[in-house]
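*Asks:* What follows is a single structure, and I will ask about it in a moment.
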Amino acid sequence: MKETIIEIKSLEHYPAAAQEFIEKIGNKRIFAFYGKMGTGKTTFIKSICEAMGVEDIINSPTFAIVNEYEDAEQNTIFHFDFYRIKNIAEVYNMGYEEYLYSDAYCFIEWPELIEELLPEESTKVFMEENEDGSRRVRIVSEE
C-alpha cells in the first residue's frame, strides 16, 4: 500500500496542490474522495480538472449525480457526487459500469454510499480540514 500526502495551505494553494496530485497519480483513473461536508472535495476536483485542461464550466454534480468533461488531451473525465442518492438501485439504474469501467478519469464524491460498487483498483483520497483551516489530502493506493 502506498500513501501520499499533499498539504493545501489556503484557497490560493489549490491549483498547485492539483498539479502535484496529477504528477503523483501515474496511470490511475478512478478516485474515491472521502471527507466531511465542507472539506473541499469539490473545490479540489475542480482544481484538478482545470489543471488537466478542462475548459468547460466545472461545478458540483450534486443534483445531476455525474458531470462529464474533456481534458486538454481529449480524455473523458466523469465527476460524480453520490450525496443525494437514496439507495444503491439508483446507481445501478444510471449504468454506473459504463462510467467506472470506461477507462475515463472518474472523480467520485461520497463514495461511501456506493462502496460495494467501486472497482478494486480505485484510489482512495481522504480530505481533512486542519484546525488552522488548511487541508490535508491523503492519497492511498494499492501499489
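Chain labels A, B, ... are given in the sequence in which chains occur in the C-alpha cells; within each chain residues are numbered consecutively from 1, and ligands are likewise numbered from 1 in the order shown.
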Taking the DSSP assignment computed from this structure's backbone, write out as an MDAnalysis selection string all residues of segment 5-108 of chain A that belong to helix (DSSP H, G or I).
*Replies:* chainID A and resid 11:24 41:51 88:93 96:100
*Asks:* Using only C-alpha atoms, can you tell me which of A:Glu112, A:Phe63, A:Val140, A:Glu70 comes closest to Phe21 of chain A?
*Replies:*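 Between A:Glu112, A:Phe63, A:Val140, A:Glu70, the residue approaching Phe21 of chain A most closely is A:Val140.
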*Asks:* Can I get the residues of segment 17-57 of chain A within 12 Å of segment 121-137 of chain A, each with the closest pair of atoms and their distance in Å to one decimal, using only C-alpha atoms, sorted chain first then ascending number, as a tab-separated table?
*Replies:*
```
residue	atom	partner	partner_atom	distance
A:Ala17	CA	A:Val137	CA	9.0
A:Ala18	CA	A:Val137	CA	10.4
A:Glu20	CA	A:Val137	CA	11.0
A:Phe21	CA	A:Val137	CA	9.2
A:Lys24	CA	A:Thr123	CA	11.7
A:Ile25	CA	A:Thr123	CA	8.9
A:Gly26	CA	A:Thr123	CA	11.2
A:Asn27	CA	A:Thr123	CA	11.1
A:Lys28	CA	A:Thr123	CA	7.5
A:Arg29	CA	A:Ser122	CA	7.6
A:Ile30	CA	A:Ser122	CA	4.9
A:Phe31	CA	A:Thr123	CA	4.8
A:Ala32	CA	A:Lys124	CA	4.9
A:Phe33	CA	A:Val125	CA	4.7
A:Tyr34	CA	A:Phe126	CA	4.8
A:Gly35	CA	A:Met127	CA	5.0
A:Lys36	CA	A:Glu128	CA	7.5
A:Met37	CA	A:Glu128	CA	10.0
A:Gly38	CA	A:Glu129	CA	8.5
A:Thr39	CA	A:Glu129	CA	5.6
A:Gly40	CA	A:Met127	CA	7.4
A:Lys41	CA	A:Met127	CA	6.9
A:Thr42	CA	A:Met127	CA	10.7
A:Thr43	CA	A:Met127	CA	11.2
A:Phe44	CA	A:Met127	CA	9.4
A:Ile45	CA	A:Val125	CA	10.8
```
*Asks:* Please produce a file of those selected residues containing N, CA and C atoms, as a PDB file, in the first residue's frame.
*Replies:*
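Contents of again.pdb, as written:
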```
ATOM      1  N   ALA A  17      -1.647  22.362  -5.563  1.00  0.00           N
ATOM      2  CA  ALA A  17      -1.935  21.040  -4.995  1.00  0.00           C
ATOM      3  C   ALA A  17      -2.526  20.119  -6.061  1.00  0.00           C
ATOM      4  N   ALA A  18      -3.376  20.664  -6.919  1.00  0.00           N
ATOM      5  CA  ALA A  18      -3.968  19.873  -8.006  1.00  0.00           C
ATOM      6  C   ALA A  18      -2.885  19.400  -8.968  1.00  0.00           C
ATOM      7  N   GLU A  20       0.248  18.922  -8.240  1.00  0.00           N
ATOM      8  CA  GLU A  20       1.011  17.900  -7.513  1.00  0.00           C
ATOM      9  C   GLU A  20       0.260  16.562  -7.538  1.00  0.00           C
ATOM     10  N   PHE A  21      -1.052  16.617  -7.361  1.00  0.00           N
ATOM     11  CA  PHE A  21      -1.890  15.413  -7.412  1.00  0.00           C
ATOM     12  C   PHE A  21      -1.732  14.721  -8.767  1.00  0.00           C
ATOM     13  N   LYS A  24       1.424  12.857  -9.265  1.00  0.00           N
ATOM     14  CA  LYS A  24       1.607  11.678  -8.416  1.00  0.00           C
ATOM     15  C   LYS A  24       0.682  10.505  -8.753  1.00  0.00           C
ATOM     16  N   ILE A  25      -0.350  10.712  -9.582  1.00  0.00           N
ATOM     17  CA  ILE A  25      -1.348   9.650  -9.787  1.00  0.00           C
ATOM     18  C   ILE A  25      -0.947   8.601 -10.814  1.00  0.00           C
ATOM     19  N   GLY A  26       0.073   8.874 -11.589  1.00  0.00           N
ATOM     20  CA  GLY A  26       0.503   7.897 -12.588  1.00  0.00           C
ATOM     21  C   GLY A  26      -0.612   7.594 -13.574  1.00  0.00           C
ATOM     22  N   ASN A  27      -0.862   6.309 -13.811  1.00  0.00           N
ATOM     23  CA  ASN A  27      -1.878   5.927 -14.795  1.00  0.00           C
ATOM     24  C   ASN A  27      -3.208   5.538 -14.141  1.00  0.00           C
ATOM     25  N   LYS A  28      -3.394   5.908 -12.901  1.00  0.00           N
ATOM     26  CA  LYS A  28      -4.646   5.597 -12.195  1.00  0.00           C
ATOM     27  C   LYS A  28      -5.790   6.416 -12.784  1.00  0.00           C
ATOM     28  N   ARG A  29      -6.998   5.862 -12.728  1.00  0.00           N
ATOM     29  CA  ARG A  29      -8.142   6.525 -13.349  1.00  0.00           C
ATOM     30  C   ARG A  29      -9.328   6.746 -12.414  1.00  0.00           C
ATOM     31  N   ILE A  30      -9.456   5.932 -11.354  1.00  0.00           N
ATOM     32  CA  ILE A  30     -10.652   6.014 -10.506  1.00  0.00           C
ATOM     33  C   ILE A  30     -10.250   6.467  -9.114  1.00  0.00           C
ATOM     34  N   PHE A  31     -10.862   7.581  -8.679  1.00  0.00           N
ATOM     35  CA  PHE A  31     -10.505   8.202  -7.416  1.00  0.00           C
ATOM     36  C   PHE A  31     -11.752   8.416  -6.574  1.00  0.00           C
ATOM     37  N   ALA A  32     -11.746   7.856  -5.374  1.00  0.00           N
ATOM     38  CA  ALA A  32     -12.849   7.979  -4.433  1.00  0.00           C
ATOM     39  C   ALA A  32     -12.449   9.006  -3.377  1.00  0.00           C
ATOM     40  N   PHE A  33     -13.151  10.136  -3.340  1.00  0.00           N
ATOM     41  CA  PHE A  33     -12.829  11.246  -2.441  1.00  0.00           C
ATOM     42  C   PHE A  33     -13.684  11.164  -1.180  1.00  0.00           C
ATOM     43  N   TYR A  34     -13.030  10.940  -0.050  1.00  0.00           N
ATOM     44  CA  TYR A  34     -13.697  10.838   1.242  1.00  0.00           C
ATOM     45  C   TYR A  34     -13.431  12.112   2.045  1.00  0.00           C
ATOM     46  N   GLY A  35     -14.411  12.526   2.803  1.00  0.00           N
ATOM     47  CA  GLY A  35     -14.224  13.685   3.671  1.00  0.00           C
ATOM     48  C   GLY A  35     -15.567  14.256   4.077  1.00  0.00           C
ATOM     49  N   LYS A  36     -15.562  14.938   5.193  1.00  0.00           N
ATOM     50  CA  LYS A  36     -16.790  15.548   5.693  1.00  0.00           C
ATOM     51  C   LYS A  36     -17.251  16.658   4.740  1.00  0.00           C
ATOM     52  N   MET A  37     -18.498  17.030   4.874  1.00  0.00           N
ATOM     53  CA  MET A  37     -19.044  18.165   4.136  1.00  0.00           C
ATOM     54  C   MET A  37     -18.183  19.394   4.444  1.00  0.00           C
ATOM     55  N   GLY A  38     -17.793  20.118   3.396  1.00  0.00           N
ATOM     56  CA  GLY A  38     -17.042  21.350   3.589  1.00  0.00           C
ATOM     57  C   GLY A  38     -15.533  21.195   3.662  1.00  0.00           C
ATOM     58  N   THR A  39     -15.012  19.993   3.429  1.00  0.00           N
ATOM     59  CA  THR A  39     -13.555  19.822   3.486  1.00  0.00           C
ATOM     60  C   THR A  39     -12.861  20.208   2.185  1.00  0.00           C
ATOM     61  N   GLY A  40     -13.625  20.520   1.144  1.00  0.00           N
ATOM     62  CA  GLY A  40     -13.010  20.987  -0.093  1.00  0.00           C
ATOM     63  C   GLY A  40     -12.902  19.954  -1.199  1.00  0.00           C
ATOM     64  N   LYS A  41     -13.678  18.886  -1.116  1.00  0.00           N
ATOM     65  CA  LYS A  41     -13.609  17.838  -2.152  1.00  0.00           C
ATOM     66  C   LYS A  41     -13.943  18.408  -3.531  1.00  0.00           C
ATOM     67  N   THR A  42     -15.071  19.120  -3.625  1.00  0.00           N
ATOM     68  CA  THR A  42     -15.490  19.677  -4.917  1.00  0.00           C
ATOM     69  C   THR A  42     -14.473  20.702  -5.416  1.00  0.00           C
ATOM     70  N   THR A  43     -13.992  21.549  -4.540  1.00  0.00           N
ATOM     71  CA  THR A  43     -13.011  22.568  -4.925  1.00  0.00           C
ATOM     72  C   THR A  43     -11.729  21.919  -5.436  1.00  0.00           C
ATOM     73  N   PHE A  44     -11.308  20.855  -4.771  1.00  0.00           N
ATOM     74  CA  PHE A  44     -10.082  20.176  -5.200  1.00  0.00           C
ATOM     75  C   PHE A  44     -10.289  19.489  -6.549  1.00  0.00           C
ATOM     76  N   ILE A  45     -11.409  18.817  -6.724  1.00  0.00           N
ATOM     77  CA  ILE A  45     -11.693  18.161  -8.012  1.00  0.00           C
ATOM     78  C   ILE A  45     -11.779  19.200  -9.126  1.00  0.00           C
TER      79      ILE A  45
END
```
*Asks:* For atom CA of Arg84 of chain A and atom CA of Tyr69 of chain A, quote the distance in Å rounded to one decimal.
*Replies:*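 Atom-to-atom, atom CA of Arg84 of chain A to atom CA of Tyr69 of chain A, that is 20.9 Å.
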*Asks:* Return the single residue from A:Lys2, A:Glu120, A:Arg138, A:Glu50 that is closest to Pro15 of chain A, with distances computed using only C-alpha atoms.
*Replies:* A:Glu50
*Asks:* Please provide as a ChimeraX atom specification all residues within 9 Å of Thr76 of chain A, with the sequence filter that same-chain residues fewer than 5 positions apart are discarded (counting only C-alpha atoms).
*Replies:* /A:68-71,103-106
*Asks:* Would you save the residues of that selection, restricted to C-alpha atoms, as a JSON list (two decimals), in the first residue's frame?
*Replies:*
```json
[["chain", "number", "residue", "atom", "x", "y", "z"],
["A", 68, "GLU", "CA", -18.78, 14.87, -17.94],
["A", 69, "TYR", "CA", -15.79, 16.89, -19.08],
["A", 70, "GLU", "CA", -12.94, 16.56, -21.55],
["A", 71, "ASP", "CA", -9.36, 17.46, -20.71],
["A", 103, "ASP", "CA", -11.04, 3.93, -18.86],
["A", 104, "ALA", "CA", -12.13, 7.53, -18.29],
["A", 105, "TYR", "CA", -10.97, 9.51, -15.29],
["A", 106, "CYS", "CA", -13.56, 9.15, -12.52]]
```
*Asks:* What does the distance from atom CA of Glu3 of chain A to atom CA of Ile139 of chain A come to in Å, to one decimal?
*Replies:*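 Rounded to one decimal, the two atoms are 5.5 Å apart.
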